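*Asks:* You'll find model_7.txt just under this line, and it carries compact mmCIF, C-alpha atoms and all ligand atoms.
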```txt
# COMPACT_ATOMS: atom_id res chain seq x y z
CA MET A 1 42.08 23.03 29.92
CA GLU A 2 38.68 24.37 30.78
CA TYR A 3 36.02 24.43 28.09
CA PRO A 4 32.82 26.40 28.20
CA SER A 5 29.88 24.28 29.17
CA ASP A 6 28.34 24.36 25.67
CA PHE A 7 31.43 22.66 24.21
CA ILE A 8 32.02 18.97 24.14
CA THR A 9 35.44 17.53 23.65
CA GLY A 10 36.64 15.01 21.12
CA GLY A 11 40.23 14.44 20.02
CA ASP A 12 42.37 15.20 16.98
CA PRO A 13 44.61 12.47 15.53
CA LEU A 14 47.35 13.55 17.92
CA GLY A 15 45.08 13.17 20.87
CA ASN A 16 44.70 16.88 21.50
CA PRO A 17 41.26 17.80 22.64
CA VAL A 18 39.28 19.58 19.95
CA ALA A 19 36.41 21.76 20.94
CA ARG A 20 33.21 21.17 19.02
CA ALA A 21 30.14 23.28 19.52
CA LYS A 22 27.52 21.22 21.31
CA ALA A 23 24.59 20.84 18.90
CA PRO A 24 21.68 22.95 20.15
CA ASN A 25 19.34 20.13 19.15
CA PRO A 26 21.45 16.98 19.38
CA ARG A 27 20.40 13.98 17.30
CA LEU A 28 19.80 11.49 20.04
CA ALA A 29 16.93 9.60 18.43
CA SER A 30 17.55 6.78 16.00
CA VAL A 31 15.34 4.70 13.79
CA ASN A 32 15.92 1.27 12.34
CA VAL A 33 15.13 1.00 8.66
CA ARG A 34 14.75 -2.54 7.41
CA LEU A 35 16.34 -2.94 3.99
CA THR A 36 17.41 -5.73 1.71
CA THR A 37 21.15 -5.98 1.12
CA GLY A 38 20.56 -4.66 -2.39
CA GLU A 39 18.55 -1.67 -1.17
CA ARG A 40 21.22 -0.81 1.36
CA ALA A 41 24.02 -1.01 -1.21
CA GLU A 42 21.99 1.12 -3.62
CA MET A 43 21.27 3.76 -0.96
CA GLU A 44 24.91 3.92 0.07
CA GLU A 45 25.94 4.30 -3.54
CA PHE A 46 23.39 7.08 -4.14
CA ALA A 47 24.40 8.85 -0.93
CA ASP A 48 28.06 8.67 -1.93
CA ARG A 49 27.41 9.75 -5.51
CA SER A 50 25.36 12.72 -4.29
CA GLY A 51 28.19 13.78 -2.01
CA PHE A 52 26.70 12.83 1.34
CA ARG A 53 28.97 11.60 4.07
CA THR A 54 26.46 9.10 5.43
CA VAL A 55 23.18 7.48 4.49
CA SER A 56 21.62 9.38 7.41
CA ASP A 57 22.63 12.70 5.83
CA TYR A 58 21.20 11.52 2.54
CA LEU A 59 17.87 10.48 4.12
CA ARG A 60 17.63 13.81 5.98
CA HIS A 61 18.19 15.60 2.67
CA LEU A 62 15.47 13.55 0.95
CA HIS A 63 13.10 14.27 3.80
CA ASP A 64 13.83 18.02 3.58
CA GLN A 65 13.10 17.89 -0.14
CA ALA A 66 9.79 16.12 0.49
CA LYS A 67 8.91 18.73 3.13
CA MET A 68 9.76 21.56 0.76
CA SER A 69 7.62 20.16 -2.03
CA THR A 70 4.66 19.91 0.36
CA VAL A 71 5.17 23.51 1.45
CA GLU A 72 5.42 24.59 -2.19
CA ALA A 73 2.35 22.57 -3.12
CA ASP A 74 0.42 24.10 -0.22
CA ALA A 75 1.60 27.60 -1.20
CA ASP A 76 0.62 26.92 -4.82
CA GLY A 77 -2.72 25.59 -3.70
CA LYS A 78 -3.24 28.70 -1.55
CA LYS A 79 -2.39 30.99 -4.46
CA HIS A 80 -4.67 28.99 -6.71
CA ARG A 81 -7.46 29.22 -4.18
CA GLU A 82 -7.01 32.97 -3.86
CA GLU A 83 -7.15 33.45 -7.63
CA PHE A 84 -10.01 31.05 -8.15
CA PRO A 85 -11.96 30.91 -4.90
CA ALA A 86 -12.69 27.26 -4.25
CA PRO A 87 -16.24 26.17 -3.72
CA SER A 88 -17.12 25.87 -0.09
CA VAL A 89 -19.40 23.62 1.88
CA SER A 90 -22.03 24.60 4.37
CA THR A 91 -23.61 22.66 7.17
CA TYR A 92 -27.02 21.44 6.12
CA HIS A 93 -27.95 19.47 9.22
CA SER A 94 -26.26 18.12 12.33
CA THR A 95 -27.09 15.22 14.61
CA ARG A 96 -25.55 14.02 17.87
CA LEU A 97 -22.76 12.28 15.95
CA GLY A 98 -22.65 13.68 12.49
CA THR A 99 -22.97 16.46 9.98
CA MET A 100 -24.49 16.66 6.54
CA LEU A 101 -22.59 19.12 4.41
CA CYS A 102 -23.92 20.67 1.24
CA GLY A 103 -21.41 21.54 -1.45
CA ASP A 104 -18.38 20.20 -3.27
CA SER A 105 -16.62 17.69 -1.05
CA LEU A 106 -13.30 18.80 -2.53
CA ALA A 107 -13.60 21.93 -0.43
CA TYR A 108 -14.04 19.81 2.69
CA LEU A 109 -11.19 17.46 1.76
CA ARG A 110 -8.81 20.29 0.95
CA ASP A 111 -9.68 22.98 3.48
CA ASP A 112 -12.14 22.07 6.18
CA ALA A 113 -11.22 18.57 7.32
CA ASN A 114 -8.24 18.17 9.59
CA ARG A 115 -5.31 16.32 8.08
CA GLY A 116 -5.27 12.70 9.28
CA SER A 117 -8.63 12.96 11.02
CA VAL A 118 -10.76 10.33 9.23
CA ASP A 119 -10.82 6.64 10.12
CA LEU A 120 -12.85 5.43 7.15
CA ILE A 121 -13.99 6.87 3.85
CA VAL A 122 -16.80 4.73 2.52
CA THR A 123 -18.45 6.01 -0.59
CA SER A 124 -19.99 5.43 -3.94
CA PRO A 125 -18.84 8.12 -6.37
CA PRO A 126 -20.71 8.92 -9.55
CA PHE A 127 -19.86 6.03 -11.87
CA GLY A 128 -18.34 6.51 -15.30
CA LEU A 129 -21.57 5.60 -17.01
CA VAL A 130 -22.27 5.63 -20.67
CA ARG A 131 -25.90 6.50 -20.13
CA LYS A 132 -25.86 9.43 -17.74
CA LYS A 133 -28.01 9.62 -14.63
CA THR A 134 -29.81 12.78 -13.67
CA TYR A 135 -27.05 13.92 -11.31
CA GLY A 136 -24.41 13.90 -14.09
CA ASN A 137 -21.57 11.47 -14.60
CA GLU A 138 -18.06 11.82 -15.93
CA ASP A 139 -17.23 9.99 -19.15
CA ALA A 140 -15.27 6.84 -18.46
CA HIS A 141 -12.10 7.98 -20.21
CA LEU A 142 -12.03 11.25 -18.25
CA TYR A 143 -12.80 9.53 -15.01
CA CYS A 144 -9.30 9.22 -13.57
CA ASP A 145 -8.53 12.87 -14.29
CA TRP A 146 -11.74 13.90 -12.59
CA PHE A 147 -10.94 11.69 -9.59
CA ARG A 148 -7.35 12.88 -9.01
CA PRO A 149 -8.11 15.85 -6.70
CA PHE A 150 -10.37 13.61 -4.62
CA ALA A 151 -7.57 11.03 -4.35
CA GLU A 152 -5.25 13.76 -3.07
CA GLY A 153 -7.88 14.86 -0.58
CA PHE A 154 -8.45 11.29 0.60
CA ARG A 155 -4.73 10.87 1.28
CA ARG A 156 -4.75 14.14 3.17
CA VAL A 157 -7.64 13.42 5.52
CA LEU A 158 -7.23 9.69 6.18
CA LYS A 159 -5.44 8.43 9.26
CA SER A 160 -2.59 6.03 8.56
CA SER A 161 -4.66 3.29 10.21
CA GLY A 162 -7.66 4.20 8.08
CA SER A 163 -9.30 2.67 5.03
CA LEU A 164 -10.80 3.95 1.81
CA VAL A 165 -13.71 1.93 0.44
CA ILE A 166 -15.06 2.75 -3.00
CA ASP A 167 -18.15 1.09 -4.41
CA ILE A 168 -17.98 1.43 -8.16
CA GLY A 169 -20.05 -0.10 -10.92
CA GLY A 170 -18.67 -1.15 -14.27
CA ALA A 171 -19.72 0.39 -17.58
CA TRP A 172 -20.23 -0.77 -21.14
CA LYS A 173 -18.58 0.95 -24.05
CA PRO A 174 -21.06 2.84 -26.18
CA GLY A 175 -22.56 0.80 -29.00
CA GLN A 176 -20.62 -2.43 -28.47
CA PRO A 177 -20.77 -5.36 -26.09
CA THR A 178 -17.44 -4.70 -24.40
CA ARG A 179 -16.62 -3.21 -21.06
CA SER A 180 -14.91 -0.01 -20.08
CA LEU A 181 -11.78 -0.43 -18.00
CA TYR A 182 -12.34 2.80 -16.10
CA HIS A 183 -12.86 1.30 -12.65
CA PHE A 184 -9.72 -0.84 -13.01
CA GLU A 185 -7.82 2.22 -14.22
CA LEU A 186 -9.05 4.07 -11.15
CA LEU A 187 -7.77 1.27 -8.92
CA LEU A 188 -4.37 1.26 -10.62
CA MET A 189 -4.15 5.03 -10.39
CA LEU A 190 -4.99 5.05 -6.67
CA CYS A 191 -2.34 2.43 -5.94
CA GLU A 192 0.38 3.43 -8.37
CA GLU A 193 0.09 7.23 -8.29
CA TYR A 194 -1.24 7.87 -4.81
CA GLY A 195 0.39 5.02 -2.91
CA PHE A 196 -2.79 3.36 -1.66
CA HIS A 197 -2.63 -0.36 -0.94
CA LEU A 198 -5.30 -2.72 -2.21
CA CYS A 199 -6.35 -4.57 0.94
CA GLN A 200 -8.94 -6.64 -0.82
CA GLU A 201 -11.33 -6.26 -3.66
CA HIS A 202 -14.92 -7.04 -2.76
CA TYR A 203 -17.91 -7.60 -5.00
CA TRP A 204 -21.41 -6.55 -4.18
CA TRP A 205 -23.78 -8.96 -5.86
CA ASN A 206 -27.24 -7.53 -6.29
CA PRO A 207 -29.46 -10.59 -6.90
CA SER A 208 -32.30 -8.36 -8.03
CA LYS A 209 -30.34 -6.57 -10.74
CA LEU A 210 -32.19 -6.44 -14.06
CA PRO A 211 -30.57 -8.20 -17.02
CA THR A 212 -28.98 -5.18 -18.66
CA PRO A 213 -27.95 -3.93 -21.10
CA ALA A 214 -30.99 -5.57 -22.66
CA GLU A 215 -29.54 -5.28 -26.18
CA TRP A 216 -26.56 -7.58 -25.43
CA VAL A 217 -28.19 -9.76 -22.81
CA ASN A 218 -31.80 -10.24 -23.92
CA VAL A 219 -31.92 -9.27 -27.57
CA ARG A 220 -28.63 -10.38 -29.15
CA ARG A 221 -27.89 -12.89 -26.35
CA VAL A 222 -24.11 -12.45 -26.48
CA ARG A 223 -23.43 -11.37 -22.90
CA VAL A 224 -24.72 -12.38 -19.49
CA LYS A 225 -26.41 -10.37 -16.78
CA ASP A 226 -24.05 -7.92 -15.10
CA ALA A 227 -24.92 -8.21 -11.44
CA VAL A 228 -21.88 -7.18 -9.39
CA ASN A 229 -20.32 -3.88 -8.44
CA CYS A 230 -16.65 -3.79 -7.56
CA ILE A 231 -15.80 -2.46 -4.14
CA TRP A 232 -12.16 -1.46 -3.77
CA TRP A 233 -10.98 -1.60 -0.17
CA LEU A 234 -7.77 0.42 0.01
CA SER A 235 -5.56 1.80 2.74
CA GLN A 236 -2.73 4.22 3.36
CA THR A 237 -0.46 1.51 4.80
CA PRO A 238 -0.56 -2.26 4.32
CA TRP A 239 -1.77 -2.53 7.92
CA PRO A 240 -5.06 -0.64 8.43
CA LYS A 241 -7.01 -1.59 11.52
CA ALA A 242 -9.58 -4.30 10.78
CA SER A 243 -11.15 -7.42 12.17
CA ASN A 244 -13.21 -9.99 10.27
CA ARG A 245 -14.54 -11.17 13.67
CA ARG A 246 -16.84 -8.13 13.58
CA VAL A 247 -18.65 -9.29 10.42
CA LEU A 248 -19.20 -13.01 10.89
CA ALA A 249 -21.93 -14.75 8.94
CA PRO A 250 -24.14 -17.46 10.49
CA TYR A 251 -22.73 -20.95 9.96
CA SER A 252 -24.27 -22.91 7.11
CA ALA A 253 -26.34 -25.99 7.97
CA SER A 254 -23.49 -28.29 6.88
CA MET A 255 -20.96 -26.40 9.03
CA ARG A 256 -23.29 -26.60 12.03
CA ASP A 257 -23.56 -30.33 11.40
CA LEU A 258 -19.83 -30.61 11.23
CA LEU A 259 -19.38 -28.73 14.48
CA LYS A 260 -21.91 -31.00 16.13
CA ASN A 261 -20.65 -34.30 14.79
CA GLY A 262 -16.94 -33.52 14.53
CA TYR A 263 -14.56 -33.45 11.60
CA ARG A 264 -11.81 -35.94 10.86
CA ALA A 265 -8.58 -34.03 10.08
CA LYS A 266 -7.31 -34.96 6.65
CA LEU A 267 -5.43 -33.69 3.65
CA ARG A 268 -7.85 -32.39 1.04
CA PRO A 269 -7.33 -33.36 -2.64
CA SER A 270 -6.46 -29.67 -3.15
CA GLY A 271 -3.49 -30.15 -0.83
CA HIS A 272 -5.03 -28.11 1.99
CA ASP A 273 -4.40 -29.69 5.34
CA ILE A 274 -7.66 -29.36 7.28
CA SER A 275 -6.70 -29.77 10.89
CA GLU A 276 -8.75 -30.55 14.01
CA LYS A 277 -8.93 -26.79 14.62
CA PHE A 278 -11.58 -26.76 11.94
CA ASN A 279 -13.95 -28.18 14.54
CA LYS A 280 -13.81 -25.04 16.66
CA ASP A 281 -16.98 -23.02 16.94
CA ASN A 282 -15.93 -19.40 16.38
CA GLY A 283 -19.45 -18.09 16.62
CA GLY A 284 -19.88 -17.75 12.87
CA SER A 285 -18.08 -18.10 9.59
CA VAL A 286 -15.72 -15.61 8.00
CA PRO A 287 -17.67 -14.15 5.10
CA PRO A 288 -16.35 -14.24 1.55
CA ASN A 289 -15.49 -11.05 -0.33
CA LEU A 290 -18.85 -11.27 -2.06
CA LEU A 291 -21.64 -9.27 -0.43
CA ALA A 292 -25.01 -10.60 -1.51
CA VAL A 293 -27.50 -7.80 -0.93
CA ALA A 294 -30.58 -7.10 -3.03
CA ASN A 295 -31.18 -3.43 -3.64
CA THR A 296 -34.92 -3.57 -3.93
CA GLU A 297 -36.22 -1.22 -1.29
CA SER A 298 -38.72 1.06 -2.98
CA ASN A 299 -41.22 1.64 -0.21
CA GLY A 300 -39.09 2.25 2.85
CA ALA A 301 -39.31 5.19 5.25
CA TYR A 302 -36.84 7.18 3.12
CA GLN A 303 -38.95 6.90 -0.02
CA ASP A 304 -42.14 7.66 1.93
CA TYR A 305 -40.53 10.78 3.32
CA CYS A 306 -39.39 11.94 -0.14
CA ARG A 307 -42.83 11.33 -1.65
CA ARG A 308 -44.62 13.07 1.21
CA HIS A 309 -42.38 16.14 0.93
CA ASP A 310 -42.02 16.07 -2.82
CA HIS A 311 -38.26 15.60 -2.82
CA PRO A 312 -36.51 13.57 -5.52
CA ILE A 313 -35.65 10.00 -4.52
CA HIS A 314 -31.96 9.42 -5.15
CA PRO A 315 -31.61 7.19 -8.22
CA ALA A 316 -28.40 5.37 -7.23
CA ARG A 317 -28.51 4.48 -3.56
CA PHE A 318 -26.52 1.64 -2.06
CA PRO A 319 -28.22 -0.56 0.52
CA GLU A 320 -27.27 0.08 4.14
CA GLN A 321 -25.60 -3.34 4.40
CA VAL A 322 -22.73 -2.13 2.20
CA PRO A 323 -21.49 0.69 4.48
CA GLU A 324 -22.52 -1.32 7.55
CA TYR A 325 -20.16 -4.17 6.66
CA PHE A 326 -17.13 -1.91 6.21
CA ILE A 327 -17.93 0.35 9.17
CA ARG A 328 -18.19 -2.66 11.46
CA MET A 329 -15.06 -4.36 10.12
CA LEU A 330 -12.84 -1.28 9.96
CA THR A 331 -13.84 1.16 12.69
CA ASP A 332 -14.56 1.43 16.40
CA PRO A 333 -17.34 3.38 18.09
CA HIS A 334 -16.70 7.15 17.94
CA ASP A 335 -14.32 6.84 14.99
CA LEU A 336 -14.92 9.31 12.18
CA ILE A 337 -16.53 8.09 8.93
CA LEU A 338 -16.65 10.24 5.80
CA ASP A 339 -18.83 9.85 2.71
CA PRO A 340 -17.78 12.55 0.22
CA PHE A 341 -20.43 11.52 -2.36
CA ALA A 342 -23.25 11.18 0.11
CA GLY A 343 -26.36 11.10 -2.08
CA SER A 344 -29.20 10.21 0.25
CA CYS A 345 -26.85 9.87 3.25
CA VAL A 346 -27.14 6.12 3.80
CA THR A 347 -23.61 6.11 5.24
CA GLY A 348 -24.45 8.81 7.79
CA ALA A 349 -27.60 7.04 8.96
CA VAL A 350 -25.76 3.71 9.39
CA ALA A 351 -22.84 5.40 11.19
CA GLU A 352 -25.28 7.13 13.56
CA VAL A 353 -26.89 3.81 14.52
CA LEU A 354 -23.47 2.21 15.00
CA ASP A 355 -22.35 5.05 17.29
CA ARG A 356 -19.67 6.40 14.93
CA ARG A 357 -19.07 10.07 14.20
CA TRP A 358 -19.70 10.93 10.57
CA VAL A 359 -19.55 13.59 7.87
CA CYS A 360 -21.56 13.23 4.66
CA CYS A 361 -21.09 15.72 1.86
CA GLU A 362 -23.44 16.08 -1.11
CA LEU A 363 -23.33 18.52 -3.98
CA ASN A 364 -27.01 18.48 -4.79
CA GLU A 365 -29.11 20.04 -2.04
CA ASP A 366 -32.28 18.33 -3.31
CA TYR A 367 -30.85 14.97 -2.29
CA LEU A 368 -30.14 16.30 1.19
CA HIS A 369 -33.75 17.46 1.52
CA GLY A 370 -34.73 13.83 0.96
CA ALA A 371 -31.89 12.48 3.12
CA MET A 372 -33.56 14.19 6.08
CA GLY A 373 -36.06 11.34 5.89
CA ARG A 374 -33.34 9.08 7.30
CA PHE A 375 -33.09 11.26 10.43
CA ASP A 376 -36.75 12.01 11.06
CA PRO A 377 -37.24 10.16 13.29
CA MET A 378 -33.64 9.45 14.25
CA PRO A 379 -32.59 5.96 13.19
CA SER A 380 -32.28 3.63 16.15
CA ALA A 381 -31.64 0.27 14.52
CA LEU A 382 -30.61 -1.10 11.17
CA ASN A 383 -33.25 -2.68 9.05
CA ARG A 384 -32.99 -6.42 9.58
CA THR A 385 -36.39 -7.51 8.36
CA LYS A 386 -35.14 -8.00 4.82
CA SER A 387 -32.03 -9.93 5.78
CA VAL A 388 -32.39 -13.08 3.69
CA THR A 389 -30.23 -15.78 2.20
CA TYR A 390 -29.89 -15.79 -1.57
CA SER A 391 -29.15 -18.84 -3.58
CA ILE A 392 -27.63 -18.79 -7.00
CA GLN A 393 -28.51 -21.52 -9.47
CA PRO A 394 -25.61 -23.24 -11.20
CA PRO A 395 -25.41 -22.44 -14.92
CA CYS A 396 -25.34 -25.16 -17.62
CA ARG A 397 -28.04 -27.23 -15.91
CA VAL A 398 -30.69 -26.63 -18.56
CA PRO A 399 -30.24 -29.17 -21.39
CA VAL A 400 -29.51 -27.48 -24.70
CA SER A 401 -29.09 -28.97 -28.13
CA GLU A 402 -25.97 -27.29 -29.47
CA GLU A 403 -27.12 -27.94 -33.04
CA GLU A 404 -30.30 -26.06 -32.41
CA VAL A 405 -28.61 -23.27 -30.52
CA PRO A 406 -25.66 -22.15 -32.63
CA LEU A 407 -23.25 -19.54 -31.34
CA VAL A 408 -23.87 -16.06 -32.65
CA GLU A 409 -21.03 -16.29 -35.16
CA HIS A 410 -20.82 -12.62 -35.93
CA GLY A 411 -20.65 -11.81 -32.21
CA GLY A 412 -23.97 -9.98 -32.28
CA ILE A 413 -22.84 -7.23 -34.61
CA THR A 414 -26.36 -7.18 -36.01
CA ARG A 415 -29.64 -8.32 -34.56
CA GLU A 416 -30.85 -11.73 -35.69
CA PRO A 417 -33.86 -11.42 -38.00
CA PRO A 418 -37.10 -12.09 -36.10
CA GLY A 419 -37.95 -15.79 -35.85
CA THR A 420 -34.40 -17.07 -36.35
CA ALA A 421 -33.47 -17.26 -32.68
CA ARG A 422 -33.78 -20.86 -31.49
CA LYS A 423 -35.70 -21.73 -28.39
CA VAL A 424 -34.00 -23.63 -25.59
CA GLN A 425 -35.81 -26.89 -24.95
CA PRO A 426 -37.38 -27.06 -21.51
CA PRO A 427 -35.76 -29.68 -19.29
CA VAL A 428 -37.35 -33.14 -19.55
C1 LIG B 501 -23.69 7.26 -6.60
S1 LIG B 501 -24.30 8.67 -5.80
C2 LIG B 501 -24.14 8.24 -4.09
C3 LIG B 501 -25.38 7.59 -3.54
C4 LIG B 501 -25.29 7.27 -2.06
N1 LIG B 501 -24.32 6.25 -1.80
C5 LIG B 501 -26.64 6.78 -1.56
O1 LIG B 501 -26.75 5.60 -1.21
O2 LIG B 501 -27.59 7.56 -1.54
C6 LIG B 501 -23.07 9.87 -6.03
C7 LIG B 501 -23.42 11.23 -5.47
O3 LIG B 501 -22.27 12.06 -5.49
C8 LIG B 501 -22.70 13.41 -5.63
N2 LIG B 501 -21.53 14.21 -6.02
C9 LIG B 501 -20.91 14.28 -7.22
N3 LIG B 501 -19.85 15.10 -7.17
C10 LIG B 501 -19.78 15.57 -5.90
C11 LIG B 501 -18.89 16.44 -5.21
N4 LIG B 501 -17.87 17.01 -5.84
N5 LIG B 501 -19.13 16.70 -3.91
C12 LIG B 501 -20.18 16.13 -3.27
N6 LIG B 501 -21.04 15.29 -3.86
C13 LIG B 501 -20.84 15.00 -5.15
C14 LIG B 501 -23.81 13.30 -6.67
O4 LIG B 501 -24.67 14.42 -6.61
C15 LIG B 501 -24.48 11.98 -6.26
O5 LIG B 501 -25.59 12.23 -5.44
```
Show the structure stored in the file as structure tokens.
*Replies:*
Amino acid sequence: MEYPSDFITGGDPLGNPVARAKAPNPRLASVNVRLTTGERAEMEEFADRSGFRTVSDYLRHLHDQAKMSTVEADADGKKHREEFPAPSVSTYHSTRLGTMLCGDSLAYLRDDANRGSVDLIVTSPPFGLVRKKTYGNEDAHLYCDWFRPFAEGFRRVLKSSGSLVIDIGGAWKPGQPTRSLYHFELLLMLCEEYGFHLCQEHYWWNPSKLPTPAEWVNVRRVRVKDAVNCIWWLSQTPWPKASNRRVLAPYSASMRDLLKNGYRAKLRPSGHDISEKFNKDNGGSVPPNLLAVANTESNGAYQDYCRRHDHPIHPARFPEQVPEYFIRMLTDPHDLILDPFAGSCVTGAVAEVLDRRWVCCELNEDYLHGAMGRFDPMPSALNRTKSVTYSIQPPCRVPVSEEEVPLVEHGGITREPPGTARKVQPPV
């Protein structure tokens, strides 16, 4: 029997050829999905219960549903935007590699940026502070709600190999010496609701931070100086591109000694087996997840520029070493870096020097006027003159008579009457 060329033949149970229409778009591709035995059994059961012949049919159905919800969400978003025109951003200044945008970065994240175009978002959003800065902060308990549209935008614009780095300071609850959980809630929300992965938490230790809040630290003496910001390094997949070889620290004197004189392999009391490989000079040591950078610059070129032109100096800048570290570790030259809460555009200036493309978006145009100071003249090198080593003194090394220094029994609920606070004896 002759069959038309768009028919393929199979066979019925009696062996008679049965004509089946040749699929116009045959499914010739296959993909291996790694599952546990339990996951596989569960999927098969769900597929069967939902009336699908195969797990493949079931997965295709789930995928179609996911596609539909995206289309609906986009359509909804479009309708919403038509009814309530979204704020837009405008180009404030462009350089060879980057652009400063003025306006609400949500507009850029939602409309202007290409989906999957950004290699690294490194930013410091307004913190959920109790005492508000001049540029306005969200209250801690509203923080996650405020952040949600940004989280959606970040997912939209980031490449799957990309990273999201958020520098975020902690906050005290009003009127009591306890801490807000808002930055941990943000982290949980980003991972649990938006599917980000926590690659590694980092801490930026600012050795020059003042002992605040003075009431709990200096007056009632019931808390210690708060000197670190959390930096959440997150990613879309568990495998963002990265290399710690790009951010090595100089070896310490003892490590240099060890490399010179050799190390005898042995089992440490901790159980760690330190092998001969420890003797290898890798050009520097892998840094810890603690970035020690003082944020003291008050008379740099940026401040001079702002003063000369009568622009406000941004009150909450991060030092260039913070974006530098993540840009070097997580991106290659010409990759695209985004800072959606740009402030004085530190990220853009660092990216420019490191030969990365960049977009910085800031709501308040006054800060962009000042940020121009970072590009006039164009930055050609990162500031290394203030690169120093900080040491931290061990606590508990000043002798104290516990009888003379009682604990504040009531936890500092009231101030101690003047003259009752005991003095710590100077070391003998
Ligand atoms: C902590 S500051 C960033 C400082 C910056 N890292 C620097 O070193 O100069 C946060 C900035 O985000 C800006 N901002 C807040 N909401 C914004 C939004 N929706 N779009 C763009 N910028 C926003 C604020 O005006 C503020 O300047």
*Asks:* What does the list of residues within 8 Å of ligand LIG 501 (chain B) look like if you count only C-alpha atoms and all ligand atoms, written as a short mmCIF file (atom, residue, chain, number, x, y, z; two decimals) with C-alpha atoms, in the coordinates of the input?
*Replies:*
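This went into part08.cif:
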```cif
data_model
loop_
_atom_site.label_atom_id
_atom_site.label_comp_id
_atom_site.auth_asym_id
_atom_site.auth_seq_id
_atom_site.Cartn_x
_atom_site.Cartn_y
_atom_site.Cartn_z
CA CYS A 102 -23.92 20.67 1.24
CA GLY A 103 -21.41 21.54 -1.45
CA ASP A 104 -18.38 20.20 -3.27
CA SER A 105 -16.62 17.69 -1.05
CA LEU A 106 -13.30 18.80 -2.53
CA THR A 123 -18.45 6.01 -0.59
CA SER A 124 -19.99 5.43 -3.94
CA PRO A 125 -18.84 8.12 -6.37
CA PRO A 126 -20.71 8.92 -9.55
CA PHE A 127 -19.86 6.03 -11.87
CA TYR A 135 -27.05 13.92 -11.31
CA GLY A 136 -24.41 13.90 -14.09
CA ASN A 137 -21.57 11.47 -14.60
CA HIS A 314 -31.96 9.42 -5.15
CA PRO A 315 -31.61 7.19 -8.22
CA ALA A 316 -28.40 5.37 -7.23
CA ARG A 317 -28.51 4.48 -3.56
CA PHE A 318 -26.52 1.64 -2.06
CA PRO A 319 -28.22 -0.56 0.52
CA GLU A 320 -27.27 0.08 4.14
CA ASP A 339 -18.83 9.85 2.71
CA PRO A 340 -17.78 12.55 0.22
CA PHE A 341 -20.43 11.52 -2.36
CA ALA A 342 -23.25 11.18 0.11
CA GLY A 343 -26.36 11.10 -2.08
CA SER A 344 -29.20 10.21 0.25
CA CYS A 345 -26.85 9.87 3.25
CA VAL A 346 -27.14 6.12 3.80
CA THR A 347 -23.61 6.11 5.24
CA CYS A 361 -21.09 15.72 1.86
CA GLU A 362 -23.44 16.08 -1.11
CA LEU A 363 -23.33 18.52 -3.98
CA ASN A 364 -27.01 18.48 -4.79
CA TYR A 367 -30.85 14.97 -2.29
#
```
*Asks:* Neighbours of region 167-171 of chain A within 8 Å (only C-alpha atoms; same-chain residues fewer than 6 positions away dropped), as a PyMOL selection string?
*Replies:* chain A and resi 122-125+127-130+140+179-183+228-232
*Asks:* Quick one: of A:Arg328, A:Arg356, A:Lys159, A:Arg384, who's nearest to Pro240 (chain A), counting all atoms listed in the file?
*Replies:*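 Looking only at the distances to Pro240 (chain A), the closest residue turns out to be A:Lys159.
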*Asks:* Please determine the residues with any atom at most 12 Å from (-31.1, -13.2, 7.4) (coordinates as given in the file, with all atoms listed in the file counting) and report them as a list in words.
*Replies:*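 Residues found, by chain and rising number: Ala249, Pro250, Tyr251, Ser252, Ala292, Val293, Gln321, Asn383, Arg384, Thr385, Lys386, Ser387, Val388, Thr389 and Tyr390 of chain A.
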*Asks:* Just give me the residues with any atom within 7 Å of (-32.6, -1.5, -7.4), file coordinates, counting all atoms listed in the file, written as a PyMOL selection string.
*Replies:* chain A and resi 208-209+295-296
*Asks:* Suppose you want the space between CA of Pro238 (chain A) and CA of Leu188 (chain A); what is it in Å?
*Replies:*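 These atoms are spaced 15.8 Å apart.
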*Asks:* How many Å separate CA of Ser94 (chain A) from CA of Ala242 (chain A)?
*Replies:*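 So the two atoms, CA of Ser94 (chain A) and CA of Ala242 (chain A), lie 28.0 Å apart.
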*Asks:* Give me, as JSON lines, each residue of region 160-193 of chain A that comes within 12 Å of region 145-155 of chain A, together with its shortest interatomic pair and the distance in Å at one decimal, counting only C-alpha atoms, with rows ordered by chain and rising residue number.
*Replies:*
```
{"residue": "A:Ser160", "atom": "CA", "partner": "A:Arg155", "partner_atom": "CA", "distance": 9.0}
{"residue": "A:Ser161", "atom": "CA", "partner": "A:Arg155", "partner_atom": "CA", "distance": 11.7}
{"residue": "A:Gly162", "atom": "CA", "partner": "A:Arg155", "partner_atom": "CA", "distance": 10.0}
{"residue": "A:Ser163", "atom": "CA", "partner": "A:Phe154", "partner_atom": "CA", "distance": 9.7}
{"residue": "A:Leu164", "atom": "CA", "partner": "A:Phe154", "partner_atom": "CA", "distance": 7.8}
{"residue": "A:Val165", "atom": "CA", "partner": "A:Phe154", "partner_atom": "CA", "distance": 10.7}
{"residue": "A:Ile166", "atom": "CA", "partner": "A:Ala151", "partner_atom": "CA", "distance": 11.2}
{"residue": "A:Tyr182", "atom": "CA", "partner": "A:Asp145", "partner_atom": "CA", "distance": 10.9}
{"residue": "A:His183", "atom": "CA", "partner": "A:Phe147", "partner_atom": "CA", "distance": 11.0}
{"residue": "A:Glu185", "atom": "CA", "partner": "A:Asp145", "partner_atom": "CA", "distance": 10.7}
{"residue": "A:Leu186", "atom": "CA", "partner": "A:Phe147", "partner_atom": "CA", "distance": 8.0}
{"residue": "A:Leu187", "atom": "CA", "partner": "A:Ala151", "partner_atom": "CA", "distance": 10.8}
{"residue": "A:Met189", "atom": "CA", "partner": "A:Arg148", "partner_atom": "CA", "distance": 8.6}
{"residue": "A:Leu190", "atom": "CA", "partner": "A:Ala151", "partner_atom": "CA", "distance": 6.9}
{"residue": "A:Cys191", "atom": "CA", "partner": "A:Ala151", "partner_atom": "CA", "distance": 10.2}
{"residue": "A:Glu192", "atom": "CA", "partner": "A:Ala151", "partner_atom": "CA", "distance": 11.7}
{"residue": "A:Glu193", "atom": "CA", "partner": "A:Arg148", "partner_atom": "CA", "distance": 9.4}
```
